[in-house]
Each structure stands twice: as structure tokens, then as C-alpha cells.
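Listing of coords.cif; format and content: mmCIF, C-alpha atoms.
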```
data_run
loop_
_atom_site.label_atom_id
_atom_site.label_comp_id
_atom_site.auth_asym_id
_atom_site.auth_seq_id
_atom_site.Cartn_x
_atom_site.Cartn_y
_atom_site.Cartn_z
CA MET A 1 28.27 188.39 131.43
CA VAL A 2 31.08 186.53 129.71
CA GLN A 3 32.99 184.38 132.18
CA PRO A 4 36.79 183.97 132.12
CA ASP A 5 37.99 181.06 130.00
CA VAL A 6 37.66 177.93 132.16
CA THR A 7 40.92 176.35 130.96
CA MET A 8 42.87 179.55 131.57
CA ALA A 9 41.26 180.02 134.99
CA ASN A 10 42.18 176.45 135.99
CA GLU A 11 45.78 176.96 134.84
CA VAL A 12 46.10 180.17 136.84
CA ARG A 13 44.44 178.53 139.86
CA ARG A 14 46.95 175.67 139.81
CA SER A 15 49.84 178.12 139.58
CA LEU A 16 48.53 180.18 142.50
CA LEU A 17 48.14 177.07 144.64
CA HIS A 18 51.52 175.63 143.63
CA GLU A 19 53.37 178.85 144.39
CA ALA A 20 51.19 179.79 147.42
CA THR A 21 50.64 183.17 145.76
CA PRO A 22 47.80 185.49 146.90
CA ALA A 23 45.03 185.90 144.33
CA ARG A 24 45.85 189.55 143.56
CA ALA A 25 45.45 191.24 140.19
CA ASP A 26 49.20 191.79 139.72
CA ALA A 27 50.07 188.17 140.54
CA ILE A 28 47.33 186.86 138.27
CA ARG A 29 48.41 189.16 135.43
CA ASP A 30 52.01 187.89 135.74
CA ILE A 31 50.86 184.27 135.57
CA VAL A 32 48.53 184.95 132.62
CA VAL A 33 51.35 186.65 130.67
CA ALA A 34 53.86 183.91 131.56
CA GLN A 35 51.46 181.30 130.20
CA GLY A 36 51.06 183.19 126.94
CA HIS A 37 47.46 184.31 127.39
CA VAL A 38 46.19 187.72 126.38
CA VAL A 39 43.38 189.34 128.38
CA ASP A 40 41.96 192.85 128.65
CA ASP A 41 41.47 194.71 131.94
CA VAL A 42 37.81 193.75 132.26
CA SER A 43 38.56 190.04 131.80
CA LEU A 44 41.45 190.29 134.24
CA GLN A 45 39.15 191.82 136.87
CA ARG A 46 36.60 189.07 136.35
CA LEU A 47 39.30 186.43 136.60
CA THR A 48 40.68 188.01 139.79
CA THR A 49 37.22 188.20 141.38
CA SER A 50 36.45 184.61 140.41
CA LEU A 51 39.75 183.19 141.68
CA THR A 52 39.65 185.20 144.92
CA ALA A 53 36.22 183.79 145.68
CA ASP A 54 37.31 180.31 144.64
CA LEU A 55 40.51 180.27 146.70
CA HIS A 56 39.54 182.37 149.72
CA GLY A 57 35.76 182.90 149.68
CA PHE A 58 32.67 180.93 148.78
CA GLY A 59 33.44 180.29 145.12
CA PRO A 60 30.42 180.60 142.81
CA LEU A 61 28.28 181.16 145.91
CA GLU A 62 30.04 184.43 146.77
CA VAL A 63 27.40 186.58 145.06
CA LEU A 64 24.67 184.84 147.08
CA MET A 65 26.51 185.30 150.36
CA GLU A 66 26.65 189.05 149.70
CA ASP A 67 22.88 189.32 149.18
CA PRO A 68 21.44 190.61 152.50
CA ALA A 69 18.06 188.99 151.82
CA ILE A 70 19.41 185.42 151.56
CA THR A 71 19.55 183.38 154.77
CA ASP A 72 20.07 179.86 153.38
CA VAL A 73 22.02 178.42 150.44
CA ALA A 74 21.63 174.74 149.52
CA VAL A 75 23.75 172.97 146.89
CA ASN A 76 22.47 169.61 145.64
CA GLY A 77 25.27 168.37 143.41
CA CYS A 78 27.02 170.64 140.93
CA ALA A 79 23.94 171.57 138.90
CA GLU A 80 21.51 172.73 141.60
CA VAL A 81 21.91 175.79 143.83
CA TRP A 82 18.89 176.84 145.87
CA VAL A 83 18.36 179.87 148.14
CA ASP A 84 15.86 181.08 150.71
CA ALA A 85 15.36 184.84 150.83
CA GLY A 86 12.42 184.73 153.22
CA ASP A 87 9.75 183.28 150.96
CA GLY A 88 10.79 179.64 150.66
CA MET A 89 13.46 177.87 148.63
CA HIS A 90 14.03 178.96 145.03
CA ARG A 91 16.42 177.49 142.47
CA THR A 92 19.04 179.85 141.02
CA THR A 93 20.83 179.75 137.69
CA LEU A 94 24.20 179.26 139.38
CA ARG A 95 26.04 175.97 139.05
CA PHE A 96 29.46 174.46 139.72
CA VAL A 97 31.73 173.03 137.04
CA ASP A 98 31.39 169.55 138.55
CA ASP A 99 30.84 167.75 141.87
CA ALA A 100 34.58 167.87 142.55
CA ALA A 101 34.36 171.67 142.65
CA VAL A 102 31.62 171.49 145.29
CA ARG A 103 33.74 169.06 147.28
CA ARG A 104 36.81 171.30 147.09
CA LEU A 105 34.82 174.26 148.37
CA ALA A 106 33.33 172.27 151.25
CA GLN A 107 36.75 170.85 152.17
CA ARG A 108 38.38 174.28 152.17
CA LEU A 109 35.62 175.81 154.29
CA ALA A 110 35.80 172.91 156.75
CA SER A 111 39.61 173.03 156.99
CA SER A 112 39.46 176.79 157.67
CA VAL A 113 37.99 175.95 161.09
CA GLY A 114 40.08 172.83 161.70
CA ARG A 115 37.53 170.26 160.55
CA ARG A 116 37.91 167.31 158.19
CA PHE A 117 35.70 166.54 155.22
CA ASP A 118 36.74 163.52 153.16
CA ASP A 119 35.89 159.87 152.61
CA ALA A 120 36.96 159.06 156.18
CA ALA A 121 34.84 161.92 157.58
CA PRO A 122 31.97 162.08 155.04
CA TYR A 123 29.94 164.78 156.78
CA VAL A 124 30.73 168.00 158.61
CA ASP A 125 28.67 170.46 160.66
CA ALA A 126 30.71 173.47 161.70
CA PRO A 127 30.49 177.22 162.39
CA LEU A 128 32.51 179.37 160.00
CA ALA A 129 33.61 182.98 160.27
CA HIS A 130 30.94 185.66 160.85
CA GLY A 131 28.47 183.09 162.19
CA VAL A 132 27.87 181.23 158.91
CA ARG A 133 26.95 177.59 159.54
CA LEU A 134 28.34 174.90 157.22
CA HIS A 135 26.87 171.46 156.69
CA ALA A 136 28.19 169.15 153.98
CA MET A 137 27.81 165.46 153.20
CA LEU A 138 29.35 163.08 150.68
CA PRO A 139 27.85 160.13 148.77
CA PRO A 140 26.91 157.37 149.38
CA LEU A 141 25.41 158.85 152.56
CA VAL A 142 23.51 161.20 150.24
CA ASP A 143 22.55 160.68 146.60
CA ARG A 144 24.82 163.54 145.46
CA ILE A 145 27.19 165.82 147.29
CA SER A 146 25.29 168.22 149.55
CA LEU A 147 26.42 171.58 150.89
CA VAL A 148 24.22 173.87 153.01
CA LEU A 149 25.15 177.31 154.34
CA ARG A 150 23.04 179.07 156.97
CA ILE A 151 23.76 182.80 156.94
CA PRO A 152 22.91 184.93 159.98
CA ARG A 153 21.79 188.45 159.18
CA HIS A 154 22.80 190.65 162.08
CA HIS A 155 20.37 193.49 161.49
CA SER A 156 18.69 193.95 164.87
CA TRP A 157 14.98 194.62 164.62
CA SER A 158 13.32 196.31 167.57
CA LEU A 159 9.96 195.19 168.92
CA ASP A 160 8.43 198.31 167.34
CA ASP A 161 9.96 197.30 163.99
CA LEU A 162 8.43 193.84 164.23
CA GLU A 163 5.05 195.35 165.03
CA SER A 164 5.30 197.67 162.01
CA VAL A 165 6.02 194.78 159.60
CA GLY A 166 3.19 192.65 160.98
CA MET A 167 5.19 190.02 162.86
CA VAL A 168 3.84 191.14 166.23
CA ALA A 169 0.21 192.20 166.81
CA PRO A 170 -0.40 195.11 169.26
CA ASP A 171 -1.87 192.97 172.06
CA VAL A 172 0.87 190.38 171.58
CA LYS A 173 3.47 193.16 171.83
CA THR A 174 2.01 194.18 175.19
CA ALA A 175 2.25 190.61 176.48
CA LEU A 176 5.83 190.30 175.21
CA THR A 177 6.90 193.55 176.85
CA GLU A 178 5.47 192.36 180.17
CA LEU A 179 7.59 189.19 179.92
CA ILE A 180 10.69 191.37 179.96
CA THR A 181 9.66 194.07 182.43
CA LYS A 182 8.34 191.53 184.95
CA ARG A 183 11.50 189.39 184.57
CA ARG A 184 9.58 186.29 183.56
CA THR A 185 11.52 183.32 182.22
CA PHE A 186 10.39 182.22 178.77
CA LEU A 187 11.18 180.11 175.71
CA VAL A 188 10.61 181.18 172.10
CA SER A 189 9.43 178.23 170.02
CA GLY A 190 8.94 177.72 166.31
CA GLY A 191 10.15 175.84 163.27
CA THR A 192 13.37 176.29 161.33
CA GLY A 193 13.56 179.75 159.78
CA SER A 194 10.45 180.99 161.56
CA GLY A 195 12.18 184.00 163.09
CA LYS A 196 12.95 182.83 166.64
CA THR A 197 16.35 184.53 166.73
CA THR A 198 14.94 187.75 165.25
CA LEU A 199 12.24 187.93 167.91
CA LEU A 200 14.60 187.06 170.77
CA ASN A 201 16.98 189.79 169.56
CA ALA A 202 14.15 192.32 169.69
CA LEU A 203 13.05 191.23 173.16
CA LEU A 204 16.58 191.45 174.56
CA GLY A 205 16.69 195.01 173.28
CA VAL A 206 13.90 195.85 175.74
CA VAL A 207 15.99 194.67 178.73
CA SER A 208 17.23 197.46 181.00
CA ALA A 209 20.72 198.74 180.21
CA ARG A 210 21.62 198.18 183.87
CA GLU A 211 21.33 194.39 183.45
CA ARG A 212 24.12 192.07 182.29
CA LEU A 213 23.27 189.52 179.59
CA ILE A 214 25.26 186.30 179.25
CA VAL A 215 24.45 184.73 175.87
CA VAL A 216 25.34 181.11 175.04
CA GLU A 217 25.11 179.86 171.46
CA ASP A 218 26.25 177.00 169.29
CA THR A 219 26.87 179.47 166.46
CA ARG A 220 26.83 183.22 167.02
CA GLU A 221 23.53 184.58 165.73
CA LEU A 222 22.15 186.87 168.42
CA ALA A 223 23.16 190.53 168.24
CA PRO A 224 20.81 192.41 170.57
CA GLN A 225 20.79 196.19 170.82
CA HIS A 226 21.98 196.12 174.41
CA PRO A 227 25.05 197.80 175.94
CA HIS A 228 26.12 194.99 178.27
CA ALA A 229 26.07 191.56 176.64
CA VAL A 230 28.76 188.85 176.83
CA PHE A 231 28.70 186.15 174.16
CA LEU A 232 29.87 182.55 174.63
CA GLN A 233 30.17 180.11 171.72
CA THR A 234 30.75 176.37 171.62
CA ARG A 235 33.88 174.89 170.08
CA PRO A 236 33.96 171.68 168.02
CA PRO A 237 36.68 169.08 168.52
CA ASN A 238 39.88 169.45 166.52
CA ILE A 239 41.08 166.98 163.90
CA GLU A 240 42.33 164.68 166.69
CA GLY A 241 38.87 164.74 168.27
CA ALA A 242 39.95 166.75 171.33
CA GLY A 243 39.29 170.23 172.68
CA ALA A 244 35.51 170.36 172.29
CA VAL A 245 33.52 172.78 174.45
CA SER A 246 29.82 171.94 174.57
CA MET A 247 26.69 173.93 175.34
CA GLN A 248 26.54 172.09 178.65
CA ASP A 249 30.04 173.27 179.50
CA LEU A 250 29.21 176.88 178.68
CA VAL A 251 25.87 176.95 180.52
CA ARG A 252 27.69 175.76 183.64
CA GLN A 253 30.35 178.45 183.20
CA THR A 254 27.76 181.22 183.00
CA LEU A 255 26.75 180.65 186.62
CA ARG A 256 30.13 182.10 187.69
CA MET A 257 29.88 185.08 185.33
CA ARG A 258 27.36 187.11 187.32
CA PRO A 259 24.46 187.07 184.81
CA ASP A 260 21.38 189.19 185.38
CA ARG A 261 19.80 187.28 182.53
CA LEU A 262 20.97 183.98 181.09
CA VAL A 263 20.20 183.56 177.39
CA VAL A 264 20.62 180.32 175.41
CA GLY A 265 20.38 180.83 171.65
CA GLU A 266 18.90 177.39 171.05
CA VAL A 267 18.19 174.53 173.43
CA ARG A 268 18.82 171.37 171.44
CA GLY A 269 20.41 168.80 173.76
CA PRO A 270 21.12 167.73 177.33
CA GLU A 271 22.13 171.30 178.23
CA VAL A 272 18.40 171.79 178.86
CA ILE A 273 18.97 170.21 182.29
CA ASP A 274 21.72 172.65 183.23
CA LEU A 275 19.67 175.55 181.87
CA LEU A 276 16.57 174.65 183.88
CA THR A 277 18.74 174.10 186.96
CA ALA A 278 20.20 177.59 186.48
CA PHE A 279 16.73 179.10 186.09
CA ASN A 280 15.81 177.41 189.38
CA THR A 281 18.71 179.03 191.28
CA GLY A 282 17.48 182.60 191.23
CA HIS A 283 18.32 183.54 187.62
CA GLU A 284 15.01 185.18 186.75
CA GLY A 285 14.24 186.64 183.36
CA GLY A 286 16.26 184.07 181.44
CA CYS A 287 15.23 182.97 177.97
CA GLY A 288 16.10 180.82 174.98
CA THR A 289 14.72 179.25 171.83
CA VAL A 290 13.59 175.72 171.08
CA HIS A 291 12.32 173.96 167.96
CA ALA A 292 8.63 173.02 168.27
CA ASN A 293 5.60 172.93 165.99
CA SER A 294 3.31 174.68 168.48
CA SER A 295 3.39 176.10 171.99
CA ALA A 296 1.78 172.88 173.28
CA ASP A 297 4.60 170.85 171.70
CA VAL A 298 7.27 172.63 173.76
CA ILE A 299 6.76 170.32 176.75
CA PRO A 300 7.18 167.06 174.76
CA ARG A 301 10.21 168.65 173.07
CA LEU A 302 11.81 169.42 176.44
CA GLU A 303 11.02 165.89 177.60
CA ALA A 304 12.82 164.45 174.58
CA LEU A 305 15.87 166.66 175.15
CA ALA A 306 16.01 165.77 178.84
CA VAL A 307 16.10 162.07 178.00
CA LEU A 308 19.39 162.74 176.18
CA GLY A 309 20.79 163.87 179.53
CA GLY A 310 19.37 160.90 181.42
CA LEU A 311 16.61 162.85 183.16
CA PRO A 312 13.24 161.05 183.40
CA ARG A 313 10.01 162.76 182.45
CA GLU A 314 8.72 163.27 185.99
CA SER A 315 11.98 164.88 187.10
CA LEU A 316 11.93 167.21 184.10
CA HIS A 317 8.43 168.39 185.01
CA ARG A 318 9.61 169.20 188.53
CA LEU A 319 12.41 171.29 187.01
CA VAL A 320 10.30 173.05 184.38
CA ALA A 321 7.33 174.02 186.55
CA PRO A 322 9.20 176.55 188.75
CA ALA A 323 11.79 177.46 186.10
CA VAL A 324 9.87 178.49 182.97
CA ASP A 325 6.99 180.94 183.16
CA ALA A 326 5.91 181.33 179.53
CA VAL A 327 6.20 180.17 175.94
CA VAL A 328 6.18 182.44 172.88
CA HIS A 329 5.40 180.62 169.63
CA ILE A 330 6.17 181.86 166.11
CA GLU A 331 4.56 180.45 162.99
CA ARG A 332 5.60 180.64 159.36
CA ASP A 333 2.76 180.08 156.94
CA ALA A 334 2.79 178.69 153.40
CA ALA A 335 3.25 182.18 151.96
CA GLY A 336 6.43 182.64 154.00
CA ARG A 337 4.87 185.11 156.47
CA ARG A 338 6.25 184.94 160.01
CA PHE A 339 4.15 186.05 162.97
CA VAL A 340 3.91 185.51 166.71
CA SER A 341 0.82 183.36 167.05
CA THR A 342 0.77 182.65 170.79
CA VAL A 343 2.06 183.97 174.09
CA ALA A 344 1.21 181.36 176.72
CA ASP A 345 1.71 180.79 180.42
CA LEU A 346 3.29 177.49 181.41
CA LEU A 347 1.47 176.15 184.47
CA GLU A 348 1.40 173.01 186.60
CA ARG A 349 -1.99 171.43 187.11
CA SER A 350 -2.48 168.22 189.08
CA GLY A 351 1.16 167.35 188.68
CA ARG A 352 1.05 167.92 184.90
CA LEU A 353 2.44 170.81 182.90
CA ALA A 354 -0.05 172.77 180.80
CA VAL A 355 0.20 175.63 178.33
CA LEU A 356 -2.44 178.36 178.72
CA PRO A 357 -2.55 181.00 175.93
CA VAL A 358 -2.84 184.60 177.17
CA ALA A 359 -2.48 186.36 173.80
CA THR A 360 -3.05 184.99 170.31
CA ALA A 361 -2.94 186.29 166.75
CA ASP A 362 -3.18 184.94 163.22
CA ALA A 363 -1.58 186.02 159.95
CA ALA A 364 -4.86 187.25 158.41
CA GLY A 365 -3.03 188.97 155.59
CA SER A 366 -0.37 190.31 157.93
CA GLY A 367 2.91 188.77 159.01
CA TRP A 368 6.49 189.58 158.08
CA ARG A 369 8.08 187.98 155.03
#
```
Could the structure of this file be written out as C-alpha cells, please?
Amino acid sequence: MVQPDVTMANEVRRSLLHEATPARADAIRDIVVAQGHVVDDVSLQRLTTSLTADLHGFGPLEVLMEDPAITDVAVNGCAEVWVDAGDGMHRTTLRFVDDAAVRRLAQRLASSVGRRFDDAAPYVDAPLAHGVRLHAMLPPLVDRISLVLRIPRHHSWSLDDLESVGMVAPDVKTALTELITKRRTFLVSGGTGSGKTTLLNALLGVVSARERLIVVEDTRELAPQHPHAVFLQTRPPNIEGAGAVSMQDLVRQTLRMRPDRLVVGEVRGPEVIDLLTAFNTGHEGGCGTVHANSSADVIPRLEALAVLGGLPRESLHRLVAPAVDAVVHIERDAAGRRFVSTVADLLERSGRLAVLPVATADAAGSGWR
């Protein structure tokens, strides 16, 4: 496809910005004519689409953001754009004009949610509209400008769906269903992109419609098929560094919101202490996700997070033992297949926490891509 002339596009872009004019076809046509350019209707449509994405959307990345299979976009300098559509990272043919164009896009996205991204604030990590997560970093902290977008896909798979695509084996499905029906408290563990949110979504869909879910997340990703769910989301500080609302703040607020089940999208900091305390005050059936390489690694992971909140290891164990009943671990193999490998009880033995598998599975040619 022939792209609009770069020089003409830049001239029109500058005019739109200078005059604060919306990137509409009629406005762009007027500017093109006033500057003495001649374009046909097809070229005008391409120019309008390109400028709209550049000024209000995701620029050259717009086409990737619209692809429902893509969950991650990574830009390494102007010449490299990589995507993950479920089977690992692949390089695309897209590229930016230069590094300055990548920087402009990152700055605009950051400013849209009240965040800075410049030489004084050389990195940004912020939630954008519709749950997209932005991370960007400037040299010399990184060898070339970096921009990463994490895109939540809100299609809610049921537990039956996950069984049909091979992510959940039949006996594992039985164990998972019992976690919900018996109101056991559990954590879903796994690596980045393993499918923790997808599985937790499916499990929350099994919860009785008569129960009230209070969901706390850093960035909105969970969208369970449940009629009574209330969603809380953290808020970053503004440009002056004030107004932040943390996961800890929100977990504490949930205790006054009459939850039947307390759900934390991802436990990644000192809020683990407040969460475990809540689970120990009669809030059965709660759940959340945590990054870990195996079900056995969940305990060391919780220990590390508790240290951030000033809680020693022994005290954490006394909180975890009565608070968390089980761990569900998801693996993602080298072929990109995701599958629930372990459902395990979390027990206390001789003053030590132990993980005892009650249902296991392996990919064995199955697993969901």
C-alpha cells in the first residue's frame, strides 16, 4: 500500500497541531488544498487515518492494537516493532520514521493520563484507557528508546471453554470447581503471559450469582461473567507527585464494601499483608494471582513481598497458613502452550508451609496457544 507523502503529512500534522484542529477529513482536505497539494480521495483517506492515529491513537501501532490476537507490543527504537500473539514474540515489518516519533507517541500517551515522560522523568509505567498498560524508557537508561504496550483482551472464557482448548484437563477442572464451590481461598501462580488472568476470569464465572465480588487491580484486566462484581483500580500520582491510591489503600477499603469474595488481580507488593489479613477475618473464597515459576515457589514469593511491608518470614507463615488453602499453577511451554499444571493444597507441617499437589497435568501435545 502506498503511504501518504511524508513531507505533506508532516506539514498537515504541524498545521493541525498549531490550529488545534481535529484530524477530520474535511479539515485535512482544507489544509492540503491551502498548501497547494493535490490528492485523490483514496490518498486523503489514508492521510486522515494516519494522522488520526498519530495525533489521537497509537500512531503506526494502531493496526496492531486492533488485532484481537495481539496481547503485547514492544518497540525497540524506531526500526524494531515486536508483537506477541500467543506464540512468543515476533518481529513485524512496521517501523517509525525515527526515534523522535517513538518518543512523541510515548509522551502523548503518558500525558493523556497525567504522567510525565521526558529527560527529567525518563521512564513511565501507567495504565491507559481500556486497560492498556504503557511502559516507556529513554536512553541512557536503555540503549535505545523503549516502548511496551500490554493489551488486555476482555473475552471471557468459561471453564468449559478452557477445557475444550486444552488449558484445563478434566481432573484438574474438577479440582478447580471444588475450590469455588467449597469457598476455598486460593492463589493462581505462573509467569508473565501464562494465562493467570484468563483462568481467574473463568473461575470467577463459576461463583454463585448471589455472591458479591470486590475486585482490586492495578490495571483493569479482569472481566468475569458474573452479575455482581465491583471493580477498584489504583491511581498513580499526578505530575506534582500527589493523589496516588495504592493497592494497599484499595484492599483496606474493600473490607467496608461488604465483599462475599475479595479478588486481587495481582499481588505484587506489600498489599499482600493486608490481603492475608483480610482472608483471616472471615473472607472465605478469596483469590488472586501472583508471579511464580512453580507452585512450590509461591511461598518464597510471598515471603519476598512481605519483606517489602516489613513483615518477617515467621509472621508471614502465621498469616498464610490459615488464610490460603490452595495454589493453582499455570505453565507456558516453549511452544507457547498454556496449561494448568498443578492444583495444590497449601498446608502447615511442623511450623513450615508446604505445597501438596492434589491434581496435576502436563501439556503432552495439548495446551492452549
Query raised in the report: Neighbours of segment 275-290 of chain A within 6 Å (all atoms listed in the file; same-chain residues fewer than 4 positions away dropped), as a list in words?
Result: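 The contact residues come out as Arg183, Arg184, Thr185, Phe186, Leu187, Val188, Ser189, Arg261, Leu262, Val263, Val264, Gly265, Glu266, Val267 and Ala323 of chain A.
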Taking C-alpha atoms for each residue, export the selection above as a short mmCIF file (atom, residue, chain, number, x, y, z; two decimals), keeping the file's coordinate frame.
```cif
data_model
loop_
_atom_site.label_atom_id
_atom_site.label_comp_id
_atom_site.auth_asym_id
_atom_site.auth_seq_id
_atom_site.Cartn_x
_atom_site.Cartn_y
_atom_site.Cartn_z
CA ARG A 183 11.50 189.39 184.57
CA ARG A 184 9.58 186.29 183.56
CA THR A 185 11.52 183.32 182.22
CA PHE A 186 10.39 182.22 178.77
CA LEU A 187 11.18 180.11 175.71
CA VAL A 188 10.61 181.18 172.10
CA SER A 189 9.43 178.23 170.02
CA ARG A 261 19.80 187.28 182.53
CA LEU A 262 20.97 183.98 181.09
CA VAL A 263 20.20 183.56 177.39
CA VAL A 264 20.62 180.32 175.41
CA GLY A 265 20.38 180.83 171.65
CA GLU A 266 18.90 177.39 171.05
CA VAL A 267 18.19 174.53 173.43
CA ALA A 323 11.79 177.46 186.10
#
```
7 Å contact set for Val251 of chain A, all atoms listed in the file, chain neighbours under 4 positions out, as a short mmCIF file (atom, residue, chain, number, x, y, z; two decimals) with C-alpha atoms, in the frame of the given file:
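Saved to out-v5.cif:
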```
data_model
loop_
_atom_site.label_atom_id
_atom_site.label_comp_id
_atom_site.auth_asym_id
_atom_site.auth_seq_id
_atom_site.Cartn_x
_atom_site.Cartn_y
_atom_site.Cartn_z
CA VAL A 216 25.34 181.11 175.04
CA MET A 247 26.69 173.93 175.34
CA ASP A 274 21.72 172.65 183.23
CA LEU A 275 19.67 175.55 181.87
#
```
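With all atoms listed in the file as the atoms that count, the residue of A:Leu162, A:Val124, A:Ala344, A:Val307 with the shortest distance to Leu200 of chain A is A:Leu162.
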Report as a JSON list (two decimals) with C-alpha atoms, keeping the file's coordinate frame all protein, DNA and RNA residues lying within 7 Å of segment 114-121 of chain A, evaluated on only C-alpha atoms, omitting residues in the same chain fewer than 4 positions from it.
```json
[["chain", "number", "residue", "atom", "x", "y", "z"],
["A", 107, "GLN", "CA", 36.75, 170.85, 152.17],
["A", 110, "ALA", "CA", 35.80, 172.91, 156.75],
["A", 238, "ASN", "CA", 39.88, 169.45, 166.52],
["A", 239, "ILE", "CA", 41.08, 166.98, 163.90]]
```
Query - From A:Leu204, A:Ala100, A:Thr177, A:Gln233, residue lying nearest Pro127 of chain A [all atoms listed in the file] - result: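 Ranked by minimum distance to Pro127 of chain A, first place goes to A:Gln233.
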Report task. Enumerate, as a VMD selection string, the residues matched when the PyMOL selection byres ((chain A and resi 99) around 6) is run on the file above. Result -> chain A and resid 77 to 78 98 100 to 102
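Coordinates place atom CA of Arg332 of chain A at a distance of 26.6 Å from atom CA of Ala306 of chain A.
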**Report entry** d(atom CA of Ala169 of chain A, atom CA of Ala334 of chain A) in Å
**Finding:**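 Distance reported for this atom pair: 19.2 Å.
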**Report entry** Hits of the PyMOL selection byres ((chain A and resi 69-74) around 8) in this structure, as a VMD selection string
**Finding:** chain A and resid 64 to 65 67 to 68 75 to 76 81 to 86 146 to 153
Query raised in the report: So which one's closest to Asp171 of chain A, A:Ser111, A:Thr234, A:Thr342, A:Ser158? Using all atoms listed in the file, please.
Result: A:Thr342
Query raised in the report: Which residue out of A:Leu176, A:Val63, A:Val132, A:Val97 has the minimum interatomic distance to Leu109 of chain A when only C-alpha atoms are used?
Result: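 Nearest candidate to Leu109 of chain A out of A:Leu176, A:Val63, A:Val132, A:Val97: A:Val132.
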Would you kindly place N, CA and C atoms on segment 308-327 of chain A and return the model as a compact mmCIF listing (two decimals), in the frame of the given file?
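Written out: rebuild_28.txt:
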```
# COMPACT_ATOMS: atom_id res chain seq x y z
N LEU A 308 18.00 162.81 176.65
CA LEU A 308 19.39 162.74 176.18
C LEU A 308 20.37 162.93 177.33
N GLY A 309 19.94 163.65 178.36
CA GLY A 309 20.79 163.87 179.53
C GLY A 309 20.51 162.90 180.66
N GLY A 310 19.66 161.91 180.41
CA GLY A 310 19.37 160.90 181.42
C GLY A 310 18.37 161.32 182.46
N LEU A 311 17.59 162.37 182.19
CA LEU A 311 16.61 162.85 183.16
C LEU A 311 15.23 162.31 182.81
N PRO A 312 14.58 161.59 183.71
CA PRO A 312 13.24 161.05 183.40
C PRO A 312 12.19 162.15 183.32
N ARG A 313 11.07 161.80 182.74
CA ARG A 313 10.01 162.76 182.45
C ARG A 313 9.50 163.45 183.72
N GLU A 314 9.26 162.69 184.77
CA GLU A 314 8.72 163.27 185.99
C GLU A 314 9.68 164.29 186.60
N SER A 315 10.97 163.97 186.55
CA SER A 315 11.98 164.88 187.10
C SER A 315 12.05 166.16 186.28
N LEU A 316 11.92 166.01 184.95
CA LEU A 316 11.93 167.21 184.10
C LEU A 316 10.78 168.13 184.48
N HIS A 317 9.59 167.58 184.67
CA HIS A 317 8.43 168.39 185.01
C HIS A 317 8.66 169.16 186.30
N ARG A 318 9.33 168.52 187.27
CA ARG A 318 9.61 169.20 188.53
C ARG A 318 10.61 170.33 188.35
N LEU A 319 11.47 170.21 187.32
CA LEU A 319 12.41 171.29 187.01
C LEU A 319 11.74 172.42 186.24
N VAL A 320 10.90 172.05 185.27
CA VAL A 320 10.30 173.05 184.38
C VAL A 320 9.28 173.92 185.11
N ALA A 321 8.45 173.30 185.93
CA ALA A 321 7.33 174.02 186.55
C ALA A 321 7.77 175.31 187.25
N PRO A 322 8.80 175.29 188.11
CA PRO A 322 9.20 176.55 188.75
C PRO A 322 10.19 177.37 187.94
N ALA A 323 10.70 176.80 186.84
CA ALA A 323 11.79 177.46 186.10
C ALA A 323 11.30 178.29 184.92
N VAL A 324 10.32 177.81 184.18
CA VAL A 324 9.87 178.49 182.97
C VAL A 324 8.45 179.01 183.17
N ASP A 325 8.29 180.30 182.93
CA ASP A 325 6.99 180.94 183.16
C ASP A 325 6.11 180.98 181.92
N ALA A 326 6.72 181.09 180.73
CA ALA A 326 5.91 181.33 179.53
C ALA A 326 6.58 180.76 178.29
N VAL A 327 5.76 180.62 177.26
CA VAL A 327 6.20 180.17 175.94
C VAL A 327 5.68 181.15 174.90
```
